[in-house]
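Pasting start-v2.txt here (compact mmCIF, C-alpha atoms):
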```txt
# COMPACT_ATOMS: atom_id res chain seq x y z
CA MET A 6 0.00 0.00 0.00
CA ALA A 7 2.90 2.36 0.68
CA GLN A 8 4.06 1.90 -2.92
CA THR A 9 0.60 2.96 -4.16
CA TYR A 10 0.75 6.15 -2.07
CA ALA A 11 4.22 6.91 -3.40
CA TRP A 12 3.02 6.51 -7.01
CA VAL A 13 0.06 8.84 -6.39
CA MET A 14 2.43 11.43 -4.91
CA GLU A 15 4.65 11.24 -7.96
CA GLN A 16 1.63 11.75 -10.24
CA GLU A 17 0.50 14.76 -8.21
CA ILE A 18 3.93 16.38 -8.37
CA ALA A 19 4.18 15.75 -12.12
CA GLU A 20 0.74 17.29 -12.65
CA MET A 21 1.73 20.36 -10.61
CA SER A 22 4.88 20.81 -12.68
CA ARG A 23 2.94 20.51 -15.93
CA LYS A 24 0.33 23.06 -14.79
CA ASN A 25 3.03 25.52 -13.73
CA GLU A 26 4.74 25.20 -17.10
CA GLU A 27 1.43 25.87 -18.87
CA THR A 28 0.86 28.95 -16.70
CA VAL A 29 4.28 30.39 -17.45
CA ARG A 30 3.85 29.71 -21.15
CA TRP A 31 0.43 31.39 -21.10
CA ILE A 32 1.80 34.51 -19.37
CA MET A 33 4.59 34.80 -21.91
CA GLU A 34 2.09 34.42 -24.73
CA GLN A 35 -0.07 37.15 -23.19
CA GLN A 36 2.93 39.46 -22.85
CA GLU A 37 3.81 38.95 -26.51
CA ARG A 38 0.18 39.47 -27.49
CA GLU A 39 0.01 42.63 -25.37
CA ALA A 40 3.07 44.07 -27.09
CA ARG A 41 1.60 43.39 -30.54
CA GLU A 42 -1.82 44.75 -29.68
CA ARG A 43 -0.38 47.87 -28.03
CA THR A 44 1.48 48.65 -31.25
CA VAL A 45 -1.64 48.09 -33.35
CA PHE A 46 -3.91 50.15 -31.12
CA ALA A 47 -1.35 52.97 -30.97
CA MET A 48 -1.25 53.08 -34.75
CA LEU A 49 -5.06 53.26 -34.93
CA GLY A 50 -5.38 55.87 -32.21
CA LEU A 51 -7.41 53.53 -30.01
CA GLU A 52 -5.30 53.64 -26.91
CA HIS A 53 -8.36 54.03 -24.63
CA LYS A 54 -9.76 50.83 -26.08
CA TYR A 55 -6.44 49.18 -25.42
CA ARG A 56 -6.49 50.34 -21.81
CA GLU A 57 -10.00 48.97 -21.34
CA MET A 58 -8.98 45.72 -22.90
CA MET A 59 -5.88 45.52 -20.71
CA GLU A 60 -7.91 46.27 -17.59
CA GLN A 61 -10.25 43.49 -18.56
CA LEU A 62 -7.28 41.30 -19.26
CA VAL A 63 -5.83 42.09 -15.84
CA ASP A 64 -9.13 41.22 -14.23
CA ASP A 65 -9.24 37.98 -16.18
CA PHE A 66 -5.64 37.28 -15.23
CA GLU A 67 -6.43 37.85 -11.56
CA ASP A 68 -9.35 35.45 -11.83
CA ILE A 69 -7.17 32.90 -13.51
CA THR A 70 -4.49 33.45 -10.88
CA GLU A 71 -7.03 32.87 -8.12
CA GLN A 72 -8.20 29.72 -9.84
CA LEU A 73 -4.64 28.51 -10.23
CA LYS A 74 -3.95 29.35 -6.60
CA ALA A 75 -7.05 27.41 -5.57
CA GLN A 76 -5.95 24.49 -7.71
CA GLU A 77 -2.48 24.72 -6.20
CA ASP A 78 -3.97 24.71 -2.71
CA ARG A 79 -6.07 21.66 -3.54
CA ARG A 80 -3.04 19.88 -4.96
CA ARG A 81 -1.02 20.81 -1.89
CA HIS A 82 -3.78 19.56 0.38
CA ARG A 83 -3.99 16.32 -1.56
CA ALA A 84 -0.21 15.97 -1.37
CA MET A 85 -0.32 16.56 2.38
CA PHE A 86 -3.14 14.03 2.66
CA TRP A 87 -1.22 11.38 0.79
CA GLN A 88 1.90 12.18 2.79
CA ARG A 89 -0.03 11.66 6.01
CA GLU A 90 -1.47 8.44 4.62
CA MET A 91 2.00 7.25 3.73
CA GLU A 92 3.22 8.13 7.21
CA LYS A 93 0.23 6.32 8.69
CA THR A 94 0.95 3.30 6.53
CA ALA A 95 4.62 3.33 7.51
CA ALA A 96 3.64 3.69 11.16
CA TYR A 97 1.08 0.90 10.75
CA ASP A 98 3.65 -1.35 9.11
CA GLU A 99 6.13 -0.60 11.88
CA LEU A 100 3.45 -1.28 14.47
CA LYS A 101 2.61 -4.62 12.86
CA ARG A 102 6.28 -5.49 12.64
CA ARG A 103 6.74 -4.75 16.32
CA GLU A 104 3.58 -6.64 17.23
CA HIS A 105 4.78 -9.64 15.22
CA ALA A 106 8.22 -9.45 16.83
CA ALA A 107 6.59 -9.22 20.27
CA TRP A 108 4.34 -12.16 19.42
CA ARG A 109 7.30 -14.27 18.30
CA GLU A 110 9.18 -13.32 21.45
CA GLU A 111 6.19 -14.28 23.59
CA VAL A 112 5.79 -17.59 21.75
CA GLU A 113 9.50 -18.30 22.22
CA SER A 114 9.27 -17.49 25.92
CA TYR A 115 6.30 -19.86 26.24
CA ARG A 116 8.23 -22.56 24.40
CA VAL A 117 11.27 -22.12 26.63
CA ALA A 118 9.07 -22.17 29.73
CA TYR A 119 7.26 -25.28 28.44
CA ASP A 120 10.53 -27.08 27.70
CA ARG A 121 11.88 -26.11 31.12
CA ARG A 122 8.71 -27.34 32.83
CA LYS A 123 8.77 -30.61 30.89
CA ALA A 124 12.43 -31.10 31.78
CA GLN A 125 11.65 -30.44 35.44
CA GLU A 126 8.72 -32.84 35.33
CA ALA A 127 10.87 -35.47 33.63
CA GLU A 128 13.56 -35.01 36.28
CA LYS A 129 10.97 -35.28 39.04
CA GLU A 130 9.56 -38.42 37.43
CA ARG A 131 13.05 -39.88 37.08
CA ALA A 132 13.79 -39.08 40.72
CA ARG A 133 10.43 -40.55 41.76
CA ARG A 134 11.09 -43.75 39.82
CA GLU A 135 14.59 -44.00 41.23
CA GLN A 136 13.24 -43.47 44.73
CA GLU A 137 10.57 -46.11 44.10
CA ARG A 138 13.19 -48.47 42.72
CA GLN A 139 15.35 -47.95 45.80
CA ARG A 140 12.33 -48.45 48.04
CA LEU A 141 11.40 -51.69 46.30
CA LYS A 142 15.00 -52.87 46.39
CA ALA A 143 15.24 -52.11 50.10
CA ALA A 144 11.95 -53.94 50.69
CA ARG A 145 13.14 -56.88 48.59
CA ASP A 146 16.48 -56.98 50.39
CA GLU A 147 14.75 -56.89 53.74
CA ALA A 148 12.33 -59.62 52.62
CA GLU A 149 15.24 -61.83 51.50
CA LYS A 150 17.03 -61.30 54.81
CA GLU A 151 13.89 -62.15 56.74
CA ALA A 152 13.24 -65.18 54.52
CA TRP A 153 16.78 -66.42 55.11
CA ARG A 154 16.34 -66.00 58.86
CA ARG A 155 13.14 -68.07 58.75
CA TYR A 156 14.85 -70.65 56.54
CA GLU A 157 17.72 -71.13 59.00
CA GLU A 158 15.37 -71.20 61.97
CA GLY A 159 13.22 -73.77 60.19
CA TRP A 160 16.16 -76.07 59.57
CA ASN A 161 17.35 -75.67 63.13
CA ALA A 162 13.89 -76.72 64.24
CA LEU A 163 14.14 -79.84 62.07
CA ASN A 164 17.17 -80.96 64.07
CA PRO A 165 15.37 -82.03 67.25
CA THR A 166 16.90 -81.83 70.68
CA SER A 167 14.46 -84.29 72.24
CA SER A 168 12.77 -87.51 71.21
CA SER A 169 9.33 -85.90 71.36
CA GLU A 170 10.27 -83.47 68.61
CA THR A 171 11.33 -86.28 66.28
CA THR A 172 7.80 -87.62 66.29
CA THR A 173 6.15 -84.29 65.49
CA PRO A 174 4.41 -84.74 62.12
CA LEU A 175 5.43 -82.40 59.31
CA THR A 176 3.37 -80.96 56.46
CA PHE A 177 4.11 -79.25 53.14
CA ASN A 178 3.75 -75.84 54.81
CA THR A 179 6.08 -76.63 57.75
CA ILE A 180 9.01 -77.58 55.50
CA PRO A 181 11.56 -74.69 55.35
CA TRP A 182 11.66 -74.29 51.57
CA PRO A 183 14.51 -72.21 50.07
CA LEU A 184 12.23 -69.47 48.71
CA VAL A 185 11.65 -65.83 49.60
CA SER A 186 7.91 -66.42 49.91
CA PRO A 187 6.77 -69.76 51.41
CA PRO A 188 5.06 -71.85 48.70
CA SER A 189 1.40 -72.71 49.06
CA LYS A 190 1.54 -75.47 46.42
CA LEU A 191 4.09 -77.54 44.54
CA ASP A 192 4.00 -75.35 41.42
CA ASP A 193 5.38 -72.44 43.46
CA ILE A 194 8.73 -74.24 43.75
CA THR A 195 10.81 -73.43 40.65
CA ALA A 196 14.52 -73.67 39.90
CA ALA A 197 14.73 -69.92 39.20
CA ARG A 198 13.21 -68.97 42.56
CA VAL A 199 15.43 -71.44 44.39
CA ALA A 200 18.59 -70.10 42.72
CA MET A 201 17.60 -66.47 43.34
CA PHE A 202 17.08 -67.18 47.03
CA LEU A 203 20.18 -69.30 47.71
CA LEU A 204 22.56 -67.02 45.75
CA SER A 205 21.21 -63.72 47.06
CA SER A 206 23.77 -61.19 48.30
CA ASN A 207 21.59 -60.39 51.32
CA HIS A 208 22.80 -63.35 53.38
CA SER A 209 25.67 -65.80 53.85
CA ASP A 210 28.40 -63.16 53.79
CA GLY A 211 31.84 -64.59 53.15
CA LEU A 212 30.60 -67.75 51.43
CA SER A 213 31.23 -68.32 47.74
CA ARG A 214 28.53 -69.47 45.34
CA LYS A 215 29.96 -72.99 45.35
CA GLU A 216 30.03 -73.13 49.15
CA ARG A 217 26.39 -72.05 49.34
CA MET A 218 25.38 -74.76 46.87
CA LYS A 219 27.27 -77.43 48.80
CA ASN A 220 25.63 -76.40 52.08
CA ALA A 221 22.20 -76.57 50.46
CA LEU A 222 22.92 -79.97 48.88
CA ARG A 223 23.90 -81.39 52.26
CA ARG A 224 20.46 -80.44 53.56
CA TRP A 225 18.39 -81.53 50.57
CA HIS A 226 20.30 -84.64 49.48
CA PRO A 227 17.85 -87.57 49.39
CA ASP A 228 19.91 -89.60 51.87
CA ARG A 229 19.66 -86.90 54.54
CA PHE A 230 16.30 -85.42 53.62
CA GLY A 231 14.80 -88.92 53.72
CA ARG A 232 14.75 -88.79 57.55
CA ILE A 233 12.75 -85.57 57.40
CA LEU A 234 10.48 -86.90 54.65
CA ALA A 235 9.58 -89.84 56.90
CA ARG A 236 7.96 -87.41 59.35
CA VAL A 237 5.69 -85.82 56.71
CA ILE A 238 2.04 -86.85 56.82
CA ASP A 239 1.11 -89.39 54.17
CA GLU A 240 -1.32 -87.21 52.21
CA GLU A 241 1.38 -84.56 51.60
CA LYS A 242 4.46 -86.76 51.43
CA LYS A 243 4.42 -86.96 47.61
CA ASP A 244 4.36 -83.17 47.12
CA VAL A 245 7.18 -82.70 49.63
CA GLU A 246 9.26 -85.38 47.92
CA GLU A 247 8.73 -83.81 44.47
CA GLY A 248 9.54 -80.35 45.84
CA ALA A 249 12.80 -81.64 47.33
CA GLY A 250 13.61 -83.26 43.97
CA ILE A 251 13.17 -79.91 42.19
CA ILE A 252 15.58 -78.29 44.63
CA VAL A 253 18.22 -81.04 44.27
CA ARG A 254 18.08 -80.91 40.47
CA CYS A 255 18.39 -77.13 40.57
CA LEU A 256 21.45 -77.36 42.84
CA ASN A 257 23.08 -80.04 40.67
CA ASN A 258 22.60 -77.87 37.56
CA LEU A 259 24.04 -74.86 39.35
CA MET A 260 27.04 -76.90 40.50
CA GLU A 261 27.69 -78.12 36.95
CA ARG A 262 27.53 -74.57 35.56
CA GLU A 263 29.78 -73.30 38.31
CA SER A 264 32.33 -76.06 37.60
CA ARG A 265 32.32 -75.23 33.87
CA MET A 266 32.87 -71.54 34.58
CA ILE A 267 35.78 -72.34 36.91
CA ALA A 268 37.32 -74.65 34.28
CA GLN A 269 36.99 -71.98 31.59
CA ASN A 270 38.63 -69.39 33.83
CA LYS A 271 41.54 -71.76 34.44
CA ILE A 272 42.02 -72.16 30.68
CA ILE A 273 41.74 -68.44 29.89
CA ARG A 274 43.79 -67.11 32.79
CA PRO A 275 47.26 -68.32 31.52
CA GLU A 276 46.63 -66.66 28.15
CA HIS A 277 45.83 -63.39 29.86
CA HIS A 278 48.99 -63.78 31.87
CA ILE A 279 51.10 -64.11 28.73
CA ILE A 280 49.47 -61.10 27.08
CA ILE A 281 49.83 -58.85 30.10
CA HIS A 282 53.30 -59.78 31.24
CA GLY A 283 54.78 -60.82 27.90
CA ARG A 284 56.21 -64.05 29.28
CA PRO A 285 54.85 -67.54 30.09
```
How does this structure look as structure tokens?
Amino acid sequence: MAQTYAWVMEQEIAEMSRKNEETVRWIMEQQEREARERTVFAMLGLEHKYREMMEQLVDDFEDITEQLKAQEDRRRHRAMFWQREMEKTAAYDELKRREHAAWREEVESYRVAYDRRKAQEAEKERARREQERQRLKAARDEAEKEAWRRYEEGWNALNPTSSSETTTPLTFNTIPWPLVSPPSKLDDITAARVAMFLLSSNHSDGLSRKERMKNALRRWHPDRFGRILARVIDEEKKDVEEGAGIIVRCLNNLMERESRMIAQNKIIRPEHHIIIHGRP
């Protein structure tokens, strides 16, 4: 729109220049005409007629001058109008530019604030999850410690100190199973749960994995566990026997894996020795 105003201004100025040129040319033509007519009227002895004509001409010239002045005023007013419009347009454009810049700045500030808030929320969520993980770990560690304490106490109770205790009947639920949570049925006894319980770092400090497995095998070996199995009531004896079998098979598998790992380490270790020290 500013370009349109500028073009209109240029047209107005060009029109003013053209009108001024026409006015000057007309005055010069009138001066030349006056000189010719004065000579003619002087020769004819009609100077009074010439004066009347010139007076009329002056009056006409004054009228024309007033008209030209009025036209000039109108053109000047139009030029001032268009100049003000151009200034308004420029001011409007500047205002819109500033408003747009302010809007972009506000949007950017909102984006930064949003990203900061999301980052803070993510950090809070991460901290909450870490705290929850630590809480669950602490609860699990405490549960494993308590389960190990019950397990040891249960086995101590199976070693009677009096003859009356050797005749106390046992059930599936009174057997100290090597699990964090006491099983309510045979399917609850799995090799994974047994291994997780026996090899936990929350008990048996100072004992290696192999030593823990050997201790457990001494308790659950069929030859020794048979004396305990004899005290189990008949209707639950089969489940107890199968549960003990699951534990023994789990321990045997763990012992085999442990032996293979030890053998592999013995084979690999000399090679590492040669590489590190550069000599056999």
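Residue nearest Ser205 of chain A, chosen from A:Arg41, A:Cys255, A:Pro227, A:Trp153 and counting only C-alpha atoms: A:Trp153.
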Pairwise distance, atom CA of Thr195 of chain A with atom CA of Ala144 of chain A, equals 22.0 Å
**Request:** Compile the contact shell of segment 242-249 of chain A as a PyMOL selection string: residues with an atom at most 9 Å away, counting only C-alpha atoms, same-chain residues fewer than 6 positions apart removed.
**Result:** chain A and resi 176-177+180+182+190-192+194-195+225-227+230-231+234-236
- Item | Shell around Ala197 of chain A at 12 Å using all atoms listed in the file, local window under 6 positions removed, as number ranges by chain | A: 183-185, 203-205, 251-252, 254-256, 258-259
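Atom CA of Ala143 of chain A is found 19.5 Å from atom CA of Glu130 of chain A.
Candidate residues A:Arg224, A:Glu111, A:Met260, A:Arg265 were compared for distance to Asn161 of chain A, and the nearest is A:Arg224, using all atoms listed in the file.
Between atom CA of Val199 of chain A and atom CA of Arg229 of chain A there is a distance of 19.0 Å.
For the residues A:His82, A:Asp146, A:Met266, A:Met218, ranking by smallest atom-to-atom distance to Ser206 of chain A using all atoms listed in the file places A:Asp146 first.
Minimum distance to Ala152 of chain A across A:His208, A:Arg262, A:Arg122, A:Arg102 (counting all atoms listed in the file) occurs at A:His208.
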Could segment 80-101 of chain A be completed with N, CA and C atoms and written as a short mmCIF file (atom, residue, chain, number, x, y, z; two decimals), keeping the file's coordinate frame, please?
```
data_model
loop_
_atom_site.label_atom_id
_atom_site.label_comp_id
_atom_site.auth_asym_id
_atom_site.auth_seq_id
_atom_site.Cartn_x
_atom_site.Cartn_y
_atom_site.Cartn_z
N ARG A 80 -4.10 20.86 -4.72
CA ARG A 80 -3.04 19.88 -4.96
C ARG A 80 -2.15 19.73 -3.73
N ARG A 81 -1.86 20.87 -3.08
CA ARG A 81 -1.02 20.81 -1.89
C ARG A 81 -1.73 20.03 -0.77
N HIS A 82 -3.03 20.29 -0.65
CA HIS A 82 -3.78 19.56 0.38
C HIS A 82 -3.81 18.06 0.09
N ARG A 83 -4.01 17.74 -1.21
CA ARG A 83 -3.99 16.32 -1.56
C ARG A 83 -2.61 15.71 -1.29
N ALA A 84 -1.56 16.47 -1.62
CA ALA A 84 -0.21 15.97 -1.37
C ALA A 84 0.03 15.75 0.12
N MET A 85 -0.46 16.70 0.93
CA MET A 85 -0.32 16.56 2.38
C MET A 85 -1.13 15.35 2.88
N PHE A 86 -2.31 15.17 2.26
CA PHE A 86 -3.14 14.03 2.66
C PHE A 86 -2.43 12.72 2.38
N TRP A 87 -1.91 12.62 1.15
CA TRP A 87 -1.22 11.38 0.79
C TRP A 87 0.05 11.18 1.61
N GLN A 88 0.72 12.30 1.95
CA GLN A 88 1.90 12.18 2.79
C GLN A 88 1.53 11.64 4.17
N ARG A 89 0.42 12.16 4.71
CA ARG A 89 -0.03 11.66 6.01
C ARG A 89 -0.44 10.19 5.91
N GLU A 90 -1.08 9.84 4.79
CA GLU A 90 -1.47 8.44 4.62
C GLU A 90 -0.25 7.53 4.54
N MET A 91 0.77 8.03 3.82
CA MET A 91 2.00 7.25 3.73
C MET A 91 2.64 7.09 5.10
N GLU A 92 2.65 8.20 5.87
CA GLU A 92 3.22 8.13 7.21
C GLU A 92 2.40 7.18 8.09
N LYS A 93 1.06 7.25 7.93
CA LYS A 93 0.23 6.32 8.69
C LYS A 93 0.53 4.88 8.31
N THR A 94 0.66 4.66 7.00
CA THR A 94 0.95 3.30 6.53
C THR A 94 2.30 2.82 7.06
N ALA A 95 3.31 3.70 6.99
CA ALA A 95 4.62 3.33 7.51
C ALA A 95 4.55 3.04 9.00
N ALA A 96 3.79 3.91 9.72
CA ALA A 96 3.64 3.69 11.16
C ALA A 96 2.88 2.40 11.43
N TYR A 97 1.86 2.14 10.58
CA TYR A 97 1.08 0.90 10.75
C TYR A 97 1.96 -0.32 10.49
N ASP A 98 2.75 -0.23 9.40
CA ASP A 98 3.65 -1.35 9.11
C ASP A 98 4.65 -1.57 10.24
N GLU A 99 5.19 -0.48 10.78
CA GLU A 99 6.13 -0.60 11.88
C GLU A 99 5.46 -1.19 13.12
N LEU A 100 4.20 -0.75 13.34
CA LEU A 100 3.45 -1.28 14.47
C LEU A 100 3.22 -2.78 14.32
N LYS A 101 2.83 -3.20 13.10
CA LYS A 101 2.61 -4.62 12.86
C LYS A 101 3.91 -5.41 13.00
#
```
